[in-house]
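Structure first, then comments.
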Amino acid sequence: MYRAKAPSRRLLTALLVAAPLVLAACNQPSYGASRGATTQGQDTFKLWSAMVTIGIVIGGIVAVLILWSVFRYRRRSEEMPKQFHENVPIEILYTVLPIIIVGFLFAFTVLTENNVDATVAAGATVTSTGKPVVDITVTAFQWGWRFDYPGLNVGVAGTTTHGPDNHGPQMVVPAGQTVQITLVSDDVVHGFYVRDFNFSRYAQPGVTNVFDLTVIHTGTYDGQCTQFCGLYHSDMLFSVRAVTPAGFEQWASSEVAAGNTLQAAGAGAGSSASNTPPPNTRQYHSNAAPAPSTKPKALA
Amino acid sequence: MTTTVERPELLTPEPAGGPDAHGPGAHGPGGAAPEHAHHEGPSGIVNWLTSTDHKVIGKSYMITSLVLFFLAGVMALVIRAQLMEPNSSVVSYQTYNELFTMHGSLMLYLFAGPFAFGGLANYIVPLQIGAPDMAFPRLNALSYWLYLGGSITMLSGFLVAGGAASFGWVAYAPLSNATNSPGAGADLWLMALALTGFSAIFTGVNLVATIFYLRAPGMTMFRMPIFTWNMLVTAILILIAFPVLFAAVVMLFCDRHFGTHIFSVQGGGSPILWQQLFWFFGHPEVYILALPYFGMVTEVIPVFSRKPLFGYRGMVFATMSIAALSTGVWAHHMFTTGVVLLPFFSLLSYLIAVPTGIKFFNWIGTMWRGQIAFAVPMLFSIGFLFAFLMGGVTGVLLASPPIDFMTHDTYFVVAHFHQVLVGTAVFAAFAGFYFWYPKMFGRMLRESWGKLHFWSLFVGFWVCYTPQYLLGLHGMPRRIATYAPDTGWTTLNVISTVGAFIMGASFLFFFVNLVVSWARPVPAGSNPWDGHTLEWFTTSPPPHHNYTHLPPIRSERPTWDYNHPEHRTVITHRTPGAPPDQPKELTGAPS
Ligand SMILES: [Cu+2]
């Protein structure tokens with residue numbers, strides 16, 4: 001009996017393997033997530049959508065089994081039910097089948113992860129687009145962000161404000177071109193997160209994280225610090241504006257002209273307190289501003 | 001309904017003294033209960049405070065942890081009130097940060113764990129294995145007092161200058177160092193973790209020793225109730241995890257006060273080390289919080305289905321696999337740090353779905369073709385199944401690093417772990433509480449109020465947490481005190497807050513239930529649910545040393561076998577070498 005069931009199980013496995021691949025070809029349901037504004041985010045979205053579909057199918061089967069048992073076998077008489085228990089073939093089935101499913105999910109995950117995590121060599125040209133990589137060093141600090149463009153001698157910093165008019169600093173990137181982010185922190189752990197990129201990464205003291213983003217279309221995407229980083233964590237907003245490559249060149253030269261150049265302390269290590277703040281730096285409202293105790297550390 | 005059978009001769013008759021007749025004089029080793037029963041010792045409160053009886057300590061633990069649970073629940077309601085509208089100022093940023101830190105700390109360190117292993121397990125495990133008490137009664141009392149002291153220490157943070165700890169329940173370095181969190185509240189929080197950590201370690205030692213050495217004759221390991229099995233595995237996990245937390249706490253304290261630089265970059269230390277150590281504790285901790293509750297529903301479901309557990313051995317091995325895997329998945333909390341080996345921790349995290357699935361199929365297989373009665377403990381267990389199913393499926397999603405990248409530190413994760421933890425430490429906890437309350441207090445809770453409690457909690461649960469998944473997918477980070485109106489998060493937050501207040505209101509029914517049931521007692525009798533395991537054989541509440549006599553223990557359902565000899569548990573598995581189903585000579589109390 002156990003042997004006889006094997007072909008149908010293989011069929012089921014094959015269906016489970018095939019389902020997401022079939023789904024990937026169609027317009028996948030988003031289940032509330034962003035479809036991804038970067039190529040990496042789109043890869044993540046495909047994985048997300050397929051996995052949620054599988055989750056709904058499997059979770060749905062389990063939920064139906066629970067509901068069925070609960071309603072079908074509710075106590076309707078005092079008759080004693082048969083005292084059966086232990087059925088080794090069934091127990092093997094519900095052990096082996098999940099292992100197969102898990103193996104498949106893991107394989108899908110690793111393939112996507114390799115795409116999302118892939119980085120090109122700094123300063124190199126991306127083969128698929130034939131365009132150079134734009135290097136940006138993103139420095140998180142209590143409470144704001146600094147975006148340095150070492151290749152362009154541009155540095156944009158912004159402490160965030162406490163209050164309704166807070167929008168945080170803006171990182172400008174060329175659309176359709178790969179941007180390599182070097183993410184560091186001046187003080188505590190922060191989280192670099194842009195919802196439409198389907199991506200986040202910690203900015204940590206003592207760790208330098210490097211990842212690539214390729215924003216597909218022009219537009220503005222909201223970002224925010226996601227890792228709790230102290231009193232004004234809630235205000236630690238930023239945004240990413242993707243412009244055309246020509247617009248990007250224009251923006252860079254206007255920033256240089258405005259004096260928003262790289263800070264002296266080298267990529268990423270600078271902080272706005274060690275130099276004259278750039279014009280677009282905003283300060284805390286006086287009633288809420290604690291002395292930013294962490295600033296001198298950057299000089300050490 | 002229950003077939004009445006005459007008791008076999010080998011059992012000694014009920015003693016003349018009532019089950020509640022026990023005083024502090026009977027605490028000495030080998031104290032014969034009837035002789036000391038009418039001894040007038042220190043009365044009431046002194047008796048309670050000086051007791052080393054596992055039942056008294058268990059109740060103290062449960063009451064204390066429930067008080068802390070309600071405190072933490074009130075904090076959650078303030079948090080939800082704050083988030084109900086954008087640019088809200090119900091509380092200040094600082095207060096908000098203290099509130100979510102203390103909400104998480106109270107719920108995880110001071111409620112969910114202690115309620116299970118200090119409270120219910122302390123009370124129930126010795127009864128389930130036919131032991132007179134825990135192996136080390138005085139150590140047990142010390143555990144409770146350390147726990148109470150630690151809890152007061154943590155709460156006292158609200159009274160000191162600078163307020164309570166405000167770095168989240170995970171206290172990531174370097175936010176938790178002396179520069180970024182200078183207040184005494186942070187130190188009190190660390191001391192509280194050290195105190196309650198030792199309380200947990202002592203309870204873990206006690207449970208392991210009790211389960212290994214104080215089982216009644218006939219109670220082989222593979223006849224132990226699943227709840228006891230789960231508590232054994234939990235206790236071992238406690239002994240693995242809590243010493244690491246203690247070490248990390250001591251290191252952080254040294255960084256804060258004695259000039260070490262273990263977790264600071266400036267002195268050559270590593271902030272990431274804190275995350276590694278914390279989660280090496282923290283992930284086993286998740287299962288320390290979950291396994292006892294899995295055990296509770298695994299006791300409840302067979303009783304109300306009137307069937308044995310579907311796969312007893314499978315359940316035991318699933319529990320062991322979960323525990324083993326849980327020590328190797330800590331870095332899935334650190335996928336976005338960029339410094340951990342993603343495929344390894346991802347694969348191990350995925351694999352936990354396998355034993356968890358085995359548990360689900362066991363629970364379903366137990367209900368299958370049963371005669372399910374929807375008493376309140378069973379309702380809470382079914383509620384647990386659905387809550388944990390949702391939390392489990394979203395957990396499998398989060399085991400995938402790319403999906404973790406997209407949802408980490410957003411409300412998606414908040415919704416996920418609240419569904420898991422409320423599923424276990426609230427739904428399953430109250431399944432256990434309603435189930436064993438008659439045993440502990442000798443009186444029944446009211447079914448009608450219990451059902452109101454369950455249904456309002458169940459509705460509130462889905463209304464509260466389902467929108468949070470969407471909020472996370474729409475980009476709302478966790479631990480933010482407020483948000484702008486143009487984020488579009490307002491409507492979902494309003495729904496979530498309404499759900500939270502429905503959950504809060506459900507506990508009003510619980511209080512009414514407690515009061516009504518206490519004011520007009522309905523006696524429970526020794527076995528109100530037609531229970532399976534040993535604790536239903538003794539009186540409710542049990543006498544001082546638990547048993548005056550025991551039934552033969554030939555399966556994992558001794559009380560059921562005794563009450564239903566014509567439907568005895570069929571033994572399909574035995575320890576190699578042991579002859580199956582052999583009656584053993586059992587006379588008198590085990591002590
Ligand atoms: Cu931050």
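Order determines the names: the first chain of the structure tokens is A, the second B, and so forth; residues in each chain are numbered 1 upward, and ligands are numbered 1 upward as they are shown.
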Do a neighbour search on Trp145 (chain A) at 6 Å with only C-alpha atoms, toss out local chain neighbours closer than 4 positions, and write the hits as a ChimeraX atom specification. /A:139-140,157-158
Counting only C-alpha atoms and all ligand atoms, give me one row per residue of chain A with an atom at most 10 Å from an atom of ligand 1, showing the shortest contact pair and its distance in Å to one decimal, sorted by chain then residue number, as JSON lines.
```
{"residue": "A:Ala140", "atom": "CA", "partner": "ligand 1", "partner_atom_place_in_ligand_line": "1 (Cu)", "distance": 6.7}
{"residue": "A:Phe141", "atom": "CA", "partner": "ligand 1", "partner_atom_place_in_ligand_line": "1 (Cu)", "distance": 6.7}
{"residue": "A:Gln142", "atom": "CA", "partner": "ligand 1", "partner_atom_place_in_ligand_line": "1 (Cu)", "distance": 6.3}
{"residue": "A:Trp143", "atom": "CA", "partner": "ligand 1", "partner_atom_place_in_ligand_line": "1 (Cu)", "distance": 6.2}
{"residue": "A:Gly144", "atom": "CA", "partner": "ligand 1", "partner_atom_place_in_ligand_line": "1 (Cu)", "distance": 7.3}
{"residue": "A:Trp145", "atom": "CA", "partner": "ligand 1", "partner_atom_place_in_ligand_line": "1 (Cu)", "distance": 8.8}
{"residue": "A:Ser185", "atom": "CA", "partner": "ligand 1", "partner_atom_place_in_ligand_line": "1 (Cu)", "distance": 9.1}
{"residue": "A:Asp187", "atom": "CA", "partner": "ligand 1", "partner_atom_place_in_ligand_line": "1 (Cu)", "distance": 9.4}
{"residue": "A:Val188", "atom": "CA", "partner": "ligand 1", "partner_atom_place_in_ligand_line": "1 (Cu)", "distance": 7.6}
{"residue": "A:Val189", "atom": "CA", "partner": "ligand 1", "partner_atom_place_in_ligand_line": "1 (Cu)", "distance": 6.8}
{"residue": "A:His190", "atom": "CA", "partner": "ligand 1", "partner_atom_place_in_ligand_line": "1 (Cu)", "distance": 4.0}
{"residue": "A:Gly191", "atom": "CA", "partner": "ligand 1", "partner_atom_place_in_ligand_line": "1 (Cu)", "distance": 6.1}
{"residue": "A:Phe192", "atom": "CA", "partner": "ligand 1", "partner_atom_place_in_ligand_line": "1 (Cu)", "distance": 8.1}
{"residue": "A:Tyr202", "atom": "CA", "partner": "ligand 1", "partner_atom_place_in_ligand_line": "1 (Cu)", "distance": 9.3}
{"residue": "A:Ala203", "atom": "CA", "partner": "ligand 1", "partner_atom_place_in_ligand_line": "1 (Cu)", "distance": 8.4}
{"residue": "A:Gln224", "atom": "CA", "partner": "ligand 1", "partner_atom_place_in_ligand_line": "1 (Cu)", "distance": 8.0}
{"residue": "A:Cys225", "atom": "CA", "partner": "ligand 1", "partner_atom_place_in_ligand_line": "1 (Cu)", "distance": 4.7}
{"residue": "A:Thr226", "atom": "CA", "partner": "ligand 1", "partner_atom_place_in_ligand_line": "1 (Cu)", "distance": 6.6}
{"residue": "A:Gln227", "atom": "CA", "partner": "ligand 1", "partner_atom_place_in_ligand_line": "1 (Cu)", "distance": 5.9}
{"residue": "A:Phe228", "atom": "CA", "partner": "ligand 1", "partner_atom_place_in_ligand_line": "1 (Cu)", "distance": 5.9}
{"residue": "A:Cys229", "atom": "CA", "partner": "ligand 1", "partner_atom_place_in_ligand_line": "1 (Cu)", "distance": 4.4}
{"residue": "A:Gly230", "atom": "CA", "partner": "ligand 1", "partner_atom_place_in_ligand_line": "1 (Cu)", "distance": 7.3}
{"residue": "A:Leu231", "atom": "CA", "partner": "ligand 1", "partner_atom_place_in_ligand_line": "1 (Cu)", "distance": 9.4}
{"residue": "A:Tyr232", "atom": "CA", "partner": "ligand 1", "partner_atom_place_in_ligand_line": "1 (Cu)", "distance": 7.9}
{"residue": "A:His233", "atom": "CA", "partner": "ligand 1", "partner_atom_place_in_ligand_line": "1 (Cu)", "distance": 5.2}
{"residue": "A:Ser234", "atom": "CA", "partner": "ligand 1", "partner_atom_place_in_ligand_line": "1 (Cu)", "distance": 8.1}
{"residue": "A:Asp235", "atom": "CA", "partner": "ligand 1", "partner_atom_place_in_ligand_line": "1 (Cu)", "distance": 8.6}
{"residue": "A:Met236", "atom": "CA", "partner": "ligand 1", "partner_atom_place_in_ligand_line": "1 (Cu)", "distance": 5.9}
{"residue": "A:Leu237", "atom": "CA", "partner": "ligand 1", "partner_atom_place_in_ligand_line": "1 (Cu)", "distance": 8.8}
```
Take the residues from that selection and write them out as a short mmCIF file (atom, residue, chain, number, x, y, z; two decimals), in the first residue's frame, keeping N, CA, C and O atoms.
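Listing of again_15.cif after writing:
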```cif
data_model
loop_
_atom_site.label_atom_id
_atom_site.label_comp_id
_atom_site.auth_asym_id
_atom_site.auth_seq_id
_atom_site.Cartn_x
_atom_site.Cartn_y
_atom_site.Cartn_z
N ALA A 140 25.30 55.96 7.87
CA ALA A 140 24.17 56.22 8.76
C ALA A 140 24.71 56.75 10.07
O ALA A 140 25.78 56.35 10.51
N PHE A 141 23.99 57.67 10.67
CA PHE A 141 24.41 58.17 11.99
C PHE A 141 23.17 58.61 12.74
O PHE A 141 22.08 58.72 12.17
N GLN A 142 23.31 58.82 14.03
CA GLN A 142 22.21 59.30 14.85
C GLN A 142 22.06 60.80 14.62
O GLN A 142 22.93 61.56 15.07
N TRP A 143 21.06 61.32 13.93
CA TRP A 143 20.06 60.58 13.21
C TRP A 143 19.98 61.17 11.84
O TRP A 143 19.43 62.27 11.68
N GLY A 144 20.57 60.52 10.91
CA GLY A 144 20.56 61.01 9.56
C GLY A 144 21.41 60.13 8.65
O GLY A 144 21.86 59.05 9.04
N TRP A 145 21.60 60.60 7.43
CA TRP A 145 22.31 59.83 6.43
C TRP A 145 23.27 60.74 5.68
O TRP A 145 23.01 61.91 5.49
N SER A 185 28.32 52.75 9.33
CA SER A 185 27.65 53.52 10.37
C SER A 185 28.67 54.27 11.19
O SER A 185 29.78 53.77 11.43
N ASP A 187 27.91 55.32 14.32
CA ASP A 187 27.69 55.13 15.76
C ASP A 187 27.07 53.77 16.09
O ASP A 187 27.77 52.83 16.37
N VAL A 188 25.74 53.68 16.01
CA VAL A 188 25.08 52.43 16.41
C VAL A 188 24.62 51.69 15.15
O VAL A 188 24.91 52.11 14.04
N VAL A 189 23.89 50.60 15.33
CA VAL A 189 23.39 49.84 14.20
C VAL A 189 22.15 50.54 13.63
O VAL A 189 21.23 50.90 14.38
N HIS A 190 22.15 50.77 12.33
CA HIS A 190 20.98 51.32 11.65
C HIS A 190 20.58 50.36 10.54
O HIS A 190 21.31 49.42 10.21
N GLY A 191 19.42 50.61 9.96
CA GLY A 191 18.97 49.75 8.86
C GLY A 191 18.66 50.59 7.62
O GLY A 191 17.84 51.49 7.67
N PHE A 192 19.36 50.28 6.53
CA PHE A 192 19.11 50.96 5.25
C PHE A 192 18.00 50.19 4.56
O PHE A 192 18.19 49.01 4.21
N TYR A 202 21.79 46.12 7.29
CA TYR A 202 22.24 46.87 8.46
C TYR A 202 23.43 47.74 8.11
O TYR A 202 24.32 47.32 7.37
N ALA A 203 23.44 48.96 8.68
CA ALA A 203 24.65 49.78 8.70
C ALA A 203 25.22 49.64 10.10
O ALA A 203 24.56 49.99 11.07
N GLN A 224 13.81 54.47 4.88
CA GLN A 224 13.76 54.78 6.30
C GLN A 224 14.67 53.83 7.05
O GLN A 224 14.88 52.70 6.63
N CYS A 225 15.20 54.31 8.18
CA CYS A 225 15.99 53.43 9.03
C CYS A 225 15.06 52.42 9.68
O CYS A 225 14.04 52.79 10.25
N THR A 226 15.39 51.14 9.56
CA THR A 226 14.51 50.12 10.13
C THR A 226 15.05 49.52 11.42
O THR A 226 14.31 48.88 12.14
N GLN A 227 16.34 49.64 11.68
CA GLN A 227 16.87 49.04 12.91
C GLN A 227 16.86 50.10 14.00
O GLN A 227 17.47 51.17 13.84
N PHE A 228 16.19 49.80 15.11
CA PHE A 228 16.02 50.79 16.17
C PHE A 228 17.39 51.32 16.61
O PHE A 228 18.29 50.56 16.94
N CYS A 229 17.52 52.66 16.60
CA CYS A 229 18.84 53.26 16.78
C CYS A 229 18.82 54.38 17.81
O CYS A 229 19.68 55.25 17.80
N GLY A 230 17.83 54.39 18.70
CA GLY A 230 17.82 55.40 19.73
C GLY A 230 16.65 56.36 19.60
O GLY A 230 15.71 56.11 18.84
N LEU A 231 16.75 57.46 20.33
CA LEU A 231 15.60 58.34 20.55
C LEU A 231 14.86 58.71 19.28
O LEU A 231 13.64 58.59 19.19
N TYR A 232 15.56 59.18 18.25
CA TYR A 232 14.88 59.71 17.06
C TYR A 232 14.87 58.73 15.89
O TYR A 232 14.81 59.13 14.73
N HIS A 233 14.91 57.44 16.22
CA HIS A 233 14.83 56.40 15.20
C HIS A 233 13.65 56.64 14.24
O HIS A 233 13.78 56.49 13.03
N SER A 234 12.52 57.05 14.80
CA SER A 234 11.31 57.21 13.97
C SER A 234 11.47 58.28 12.90
O SER A 234 10.73 58.30 11.92
N ASP A 235 12.40 59.21 13.13
CA ASP A 235 12.54 60.35 12.20
C ASP A 235 13.58 60.10 11.12
O ASP A 235 13.82 60.96 10.27
N MET A 236 14.23 58.93 11.16
CA MET A 236 15.40 58.74 10.33
C MET A 236 15.02 58.36 8.89
O MET A 236 15.30 57.27 8.41
N LEU A 237 14.41 59.30 8.22
CA LEU A 237 13.93 59.06 6.86
C LEU A 237 15.00 59.43 5.84
O LEU A 237 15.94 60.16 6.13
#
```
Apply DSSP to the backbone of this structure and, from region 6-244 of chain A, keep only the residues in alpha helix (DSSP H); write these as a PyMOL selection string. chain A and resi 6-25+39-72+88-117
Pick from B:Val422, B:Leu309, B:Leu389, B:Val498 nearest to Gly60 (chain A), counting only C-alpha atoms: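 Answer, going by the shortest atom-to-atom distance: B:Leu389.
Interatomic distance, CA of Ala242 (chain A) to CA of Pro402 (chain B): 22.8 Å.
The spacing separating CA of Val339 (chain B) from CA of Val207 (chain A) amounts to 8.2 Å.
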Counting only C-alpha atoms, the residue among B:Phe388, B:Gly157, B:Trp529, B:Ser346 that lies closest to Gly59 (chain A) is B:Phe388
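Distances here use only C-alpha atoms; by that measure, the residue among A:Val62, A:Ala252, A:Ala246, A:Leu213 closest to chain B is A:Val62.
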Have a look at B:Val300, B:Ile364, B:Leu193, B:Val376 and name the one nearest to His85 (chain A); count only C-alpha atoms.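 Counting only C-alpha atoms, the residue closest to His85 (chain A) is B:Ile364.
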Looking only at the backbone, which of the residues in region 75-187 of chain A does DSSP tag as strand (DSSP E), as a ChimeraX atom specification? /A:125-126,131-132,134-141,144-149,154-159,170-174,178-185
Any chance you can output those residues with N, CA, C and O atoms as a compact mmCIF listing (two decimals), in the first residue's frame?
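Here's the written file part22.txt:
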```
# COMPACT_ATOMS: atom_id res chain seq x y z
N THR A 125 32.85 48.02 -15.22
CA THR A 125 31.73 48.27 -16.11
C THR A 125 30.81 47.06 -16.06
O THR A 125 31.26 45.92 -16.10
N VAL A 126 29.52 47.31 -15.96
CA VAL A 126 28.56 46.22 -15.91
C VAL A 126 28.39 45.65 -17.31
O VAL A 126 28.08 46.38 -18.25
N LYS A 131 27.55 49.93 -18.88
CA LYS A 131 27.75 51.22 -18.22
C LYS A 131 28.58 51.05 -16.96
O LYS A 131 28.54 50.01 -16.32
N PRO A 132 29.29 52.08 -16.58
CA PRO A 132 30.12 51.97 -15.38
C PRO A 132 29.26 51.96 -14.12
O PRO A 132 28.14 52.45 -14.11
N VAL A 134 28.30 53.20 -10.49
CA VAL A 134 28.41 54.42 -9.70
C VAL A 134 28.60 54.01 -8.25
O VAL A 134 27.79 53.28 -7.69
N ASP A 135 29.71 54.43 -7.66
CA ASP A 135 29.97 54.09 -6.26
C ASP A 135 29.39 55.15 -5.33
O ASP A 135 29.64 56.34 -5.52
N ILE A 136 28.65 54.69 -4.34
CA ILE A 136 28.13 55.61 -3.33
C ILE A 136 28.42 55.02 -1.96
O ILE A 136 28.16 53.84 -1.72
N THR A 137 29.01 55.85 -1.10
CA THR A 137 29.19 55.41 0.28
C THR A 137 28.08 56.02 1.12
O THR A 137 27.92 57.24 1.17
N VAL A 138 27.30 55.15 1.73
CA VAL A 138 26.18 55.62 2.56
C VAL A 138 26.59 55.47 4.02
O VAL A 138 26.96 54.37 4.46
N THR A 139 26.56 56.56 4.75
CA THR A 139 26.91 56.53 6.16
C THR A 139 25.68 56.87 6.98
O THR A 139 25.07 57.93 6.80
N ALA A 140 25.30 55.96 7.87
CA ALA A 140 24.17 56.22 8.76
C ALA A 140 24.71 56.75 10.07
O ALA A 140 25.78 56.35 10.51
N PHE A 141 23.99 57.67 10.67
CA PHE A 141 24.41 58.17 11.99
C PHE A 141 23.17 58.61 12.74
O PHE A 141 22.08 58.72 12.17
N GLY A 144 20.57 60.52 10.91
CA GLY A 144 20.56 61.01 9.56
C GLY A 144 21.41 60.13 8.65
O GLY A 144 21.86 59.05 9.04
N TRP A 145 21.60 60.60 7.43
CA TRP A 145 22.31 59.83 6.43
C TRP A 145 23.27 60.74 5.68
O TRP A 145 23.01 61.91 5.49
N ARG A 146 24.36 60.15 5.24
CA ARG A 146 25.30 60.90 4.43
C ARG A 146 25.56 60.07 3.17
O ARG A 146 25.78 58.86 3.24
N PHE A 147 25.46 60.70 2.03
CA PHE A 147 25.67 60.00 0.76
C PHE A 147 26.89 60.60 0.07
O PHE A 147 26.84 61.76 -0.35
N ASP A 148 27.97 59.84 -0.02
CA ASP A 148 29.20 60.32 -0.65
C ASP A 148 29.42 59.62 -1.99
O ASP A 148 29.28 58.40 -2.08
N TYR A 149 29.77 60.41 -2.98
CA TYR A 149 30.05 59.88 -4.32
C TYR A 149 31.52 60.10 -4.61
O TYR A 149 31.91 61.16 -5.14
N VAL A 154 31.18 64.39 -4.84
CA VAL A 154 29.94 64.94 -4.29
C VAL A 154 29.66 64.30 -2.95
O VAL A 154 29.86 63.09 -2.78
N GLY A 155 29.23 65.09 -1.99
CA GLY A 155 28.83 64.56 -0.69
C GLY A 155 27.56 65.24 -0.21
O GLY A 155 27.52 66.46 -0.10
N VAL A 156 26.53 64.45 0.05
CA VAL A 156 25.26 65.02 0.51
C VAL A 156 25.00 64.48 1.90
O VAL A 156 24.99 63.26 2.09
N ALA A 157 24.83 65.37 2.85
CA ALA A 157 24.52 64.90 4.20
C ALA A 157 23.25 65.55 4.69
O ALA A 157 22.93 66.66 4.29
N GLY A 158 22.54 64.89 5.54
CA GLY A 158 21.36 65.49 6.12
C GLY A 158 21.02 64.84 7.43
O GLY A 158 20.82 63.64 7.49
N THR A 159 21.03 65.66 8.50
CA THR A 159 20.40 65.16 9.71
C THR A 159 18.91 65.35 9.52
O THR A 159 18.47 66.25 8.83
N GLN A 170 18.34 63.10 0.54
CA GLN A 170 18.01 62.36 -0.67
C GLN A 170 19.27 61.84 -1.35
O GLN A 170 20.26 62.55 -1.49
N MET A 171 19.20 60.58 -1.75
CA MET A 171 20.29 59.99 -2.53
C MET A 171 19.85 59.99 -3.99
O MET A 171 18.78 59.46 -4.30
N VAL A 172 20.66 60.59 -4.85
CA VAL A 172 20.31 60.64 -6.26
C VAL A 172 21.11 59.60 -7.01
O VAL A 172 22.33 59.47 -6.80
N VAL A 173 20.44 58.81 -7.83
CA VAL A 173 21.12 57.77 -8.60
C VAL A 173 20.66 57.83 -10.05
O VAL A 173 19.57 58.32 -10.33
N PRO A 174 21.50 57.35 -10.96
CA PRO A 174 21.06 57.27 -12.35
C PRO A 174 20.20 56.02 -12.56
O PRO A 174 20.57 54.94 -12.12
N THR A 178 23.86 50.45 -12.73
CA THR A 178 24.11 49.79 -11.45
C THR A 178 24.84 50.73 -10.50
O THR A 178 25.80 51.40 -10.89
N VAL A 179 24.34 50.78 -9.28
CA VAL A 179 24.93 51.61 -8.24
C VAL A 179 25.48 50.68 -7.19
O VAL A 179 24.80 49.75 -6.77
N GLN A 180 26.74 50.90 -6.82
CA GLN A 180 27.30 50.07 -5.76
C GLN A 180 27.34 50.85 -4.47
O GLN A 180 27.99 51.89 -4.39
N ILE A 181 26.61 50.33 -3.46
CA ILE A 181 26.51 51.02 -2.18
C ILE A 181 27.51 50.40 -1.21
O ILE A 181 27.55 49.19 -1.04
N THR A 182 28.30 51.25 -0.57
CA THR A 182 29.14 50.83 0.54
C THR A 182 28.51 51.41 1.79
O THR A 182 28.43 52.63 1.93
N LEU A 183 28.02 50.53 2.64
CA LEU A 183 27.18 50.98 3.76
C LEU A 183 27.94 50.87 5.07
O LEU A 183 28.44 49.80 5.42
N VAL A 184 28.04 51.99 5.77
CA VAL A 184 28.73 52.01 7.07
C VAL A 184 27.92 52.82 8.07
O VAL A 184 26.94 53.48 7.71
N SER A 185 28.32 52.75 9.33
CA SER A 185 27.65 53.52 10.37
C SER A 185 28.67 54.27 11.19
O SER A 185 29.78 53.77 11.43
```
Give me, as a ChimeraX atom specification, all polymer residues having an atom no more than 12 Å from Met80 (chain A), counting only C-alpha atoms and skipping those fewer than 4 positions away in the same chain. /A:75-76,84 /B:1-3,304-307,369-372,564,566-568
Export of prior selection with C-alpha atoms as an mmCIF file, in the first residue's frame:
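selection_20.cif, written as the output of this step:
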```
data_model
loop_
_atom_site.group_PDB
_atom_site.id
_atom_site.type_symbol
_atom_site.label_atom_id
_atom_site.label_comp_id
_atom_site.auth_asym_id
_atom_site.auth_seq_id
_atom_site.Cartn_x
_atom_site.Cartn_y
_atom_site.Cartn_z
ATOM 1 C CA ARG A 75 -18.932 15.077 19.693
ATOM 2 C CA ARG A 76 -22.410 14.004 18.661
ATOM 3 C CA PHE A 84 -6.270 4.038 17.076
ATOM 4 C CA MET B 1 -20.345 8.346 30.004
ATOM 5 C CA THR B 2 -17.361 7.158 31.983
ATOM 6 C CA THR B 3 -17.499 3.488 32.697
ATOM 7 C CA PHE B 304 -11.203 16.359 24.337
ATOM 8 C CA SER B 305 -11.033 14.079 21.298
ATOM 9 C CA ARG B 306 -11.250 11.001 23.576
ATOM 10 C CA LYS B 307 -8.406 9.377 21.698
ATOM 11 C CA ARG B 369 -12.370 10.269 13.915
ATOM 12 C CA GLY B 370 -12.447 11.414 17.502
ATOM 13 C CA GLN B 371 -15.378 12.703 19.540
ATOM 14 C CA ILE B 372 -14.366 16.314 19.913
ATOM 15 C CA HIS B 564 -11.642 2.622 30.670
ATOM 16 C CA GLU B 566 -12.218 -1.962 27.891
ATOM 17 C CA HIS B 567 -10.608 0.834 25.833
ATOM 18 C CA ARG B 568 -7.097 0.558 27.171
#
```
Closest of B:Ala200, B:Leu342, B:Ile238, B:Met444 to chain A, counting only C-alpha atoms, is B:Leu342
Among the residues A:Thr160, A:Thr208, A:Asn27, A:Thr214, the one that comes closest to chain B [using only C-alpha atoms]: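 The shortest atom-to-atom distance to chain B comes from A:Thr208.
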Could you pull the residues within 6 Å of Val243 (chain A), counting only C-alpha atoms, minus those fewer than 2 positions along the same chain, as a PDB file with N, CA, C and O atoms, in the first residue's frame?
```pdb
ATOM      1  N   PRO A 174      21.497  57.353 -10.962  1.00  0.00           N
ATOM      2  CA  PRO A 174      21.058  57.268 -12.350  1.00  0.00           C
ATOM      3  C   PRO A 174      20.198  56.024 -12.560  1.00  0.00           C
ATOM      4  O   PRO A 174      20.573  54.936 -12.119  1.00  0.00           O
ATOM      5  N   ALA A 175      19.069  56.183 -13.227  1.00  0.00           N
ATOM      6  CA  ALA A 175      18.219  55.028 -13.505  1.00  0.00           C
ATOM      7  C   ALA A 175      18.854  54.164 -14.578  1.00  0.00           C
ATOM      8  O   ALA A 175      19.581  54.662 -15.442  1.00  0.00           O
ATOM      9  N   THR A 218      12.985  56.031 -13.552  1.00  0.00           N
ATOM     10  CA  THR A 218      13.164  57.264 -12.789  1.00  0.00           C
ATOM     11  C   THR A 218      11.992  57.421 -11.824  1.00  0.00           C
ATOM     12  O   THR A 218      10.909  56.904 -12.054  1.00  0.00           O
ATOM     13  N   GLY A 247      20.555  63.625 -16.486  1.00  0.00           N
ATOM     14  CA  GLY A 247      20.128  64.380 -15.311  1.00  0.00           C
ATOM     15  C   GLY A 247      21.060  64.156 -14.144  1.00  0.00           C
ATOM     16  O   GLY A 247      21.280  65.051 -13.322  1.00  0.00           O
ATOM     17  N   PHE A 248      21.581  62.949 -14.062  1.00  0.00           N
ATOM     18  CA  PHE A 248      22.484  62.620 -12.970  1.00  0.00           C
ATOM     19  C   PHE A 248      23.770  63.439 -13.063  1.00  0.00           C
ATOM     20  O   PHE A 248      24.237  64.015 -12.073  1.00  0.00           O
TER      21      PHE A 248
END
```
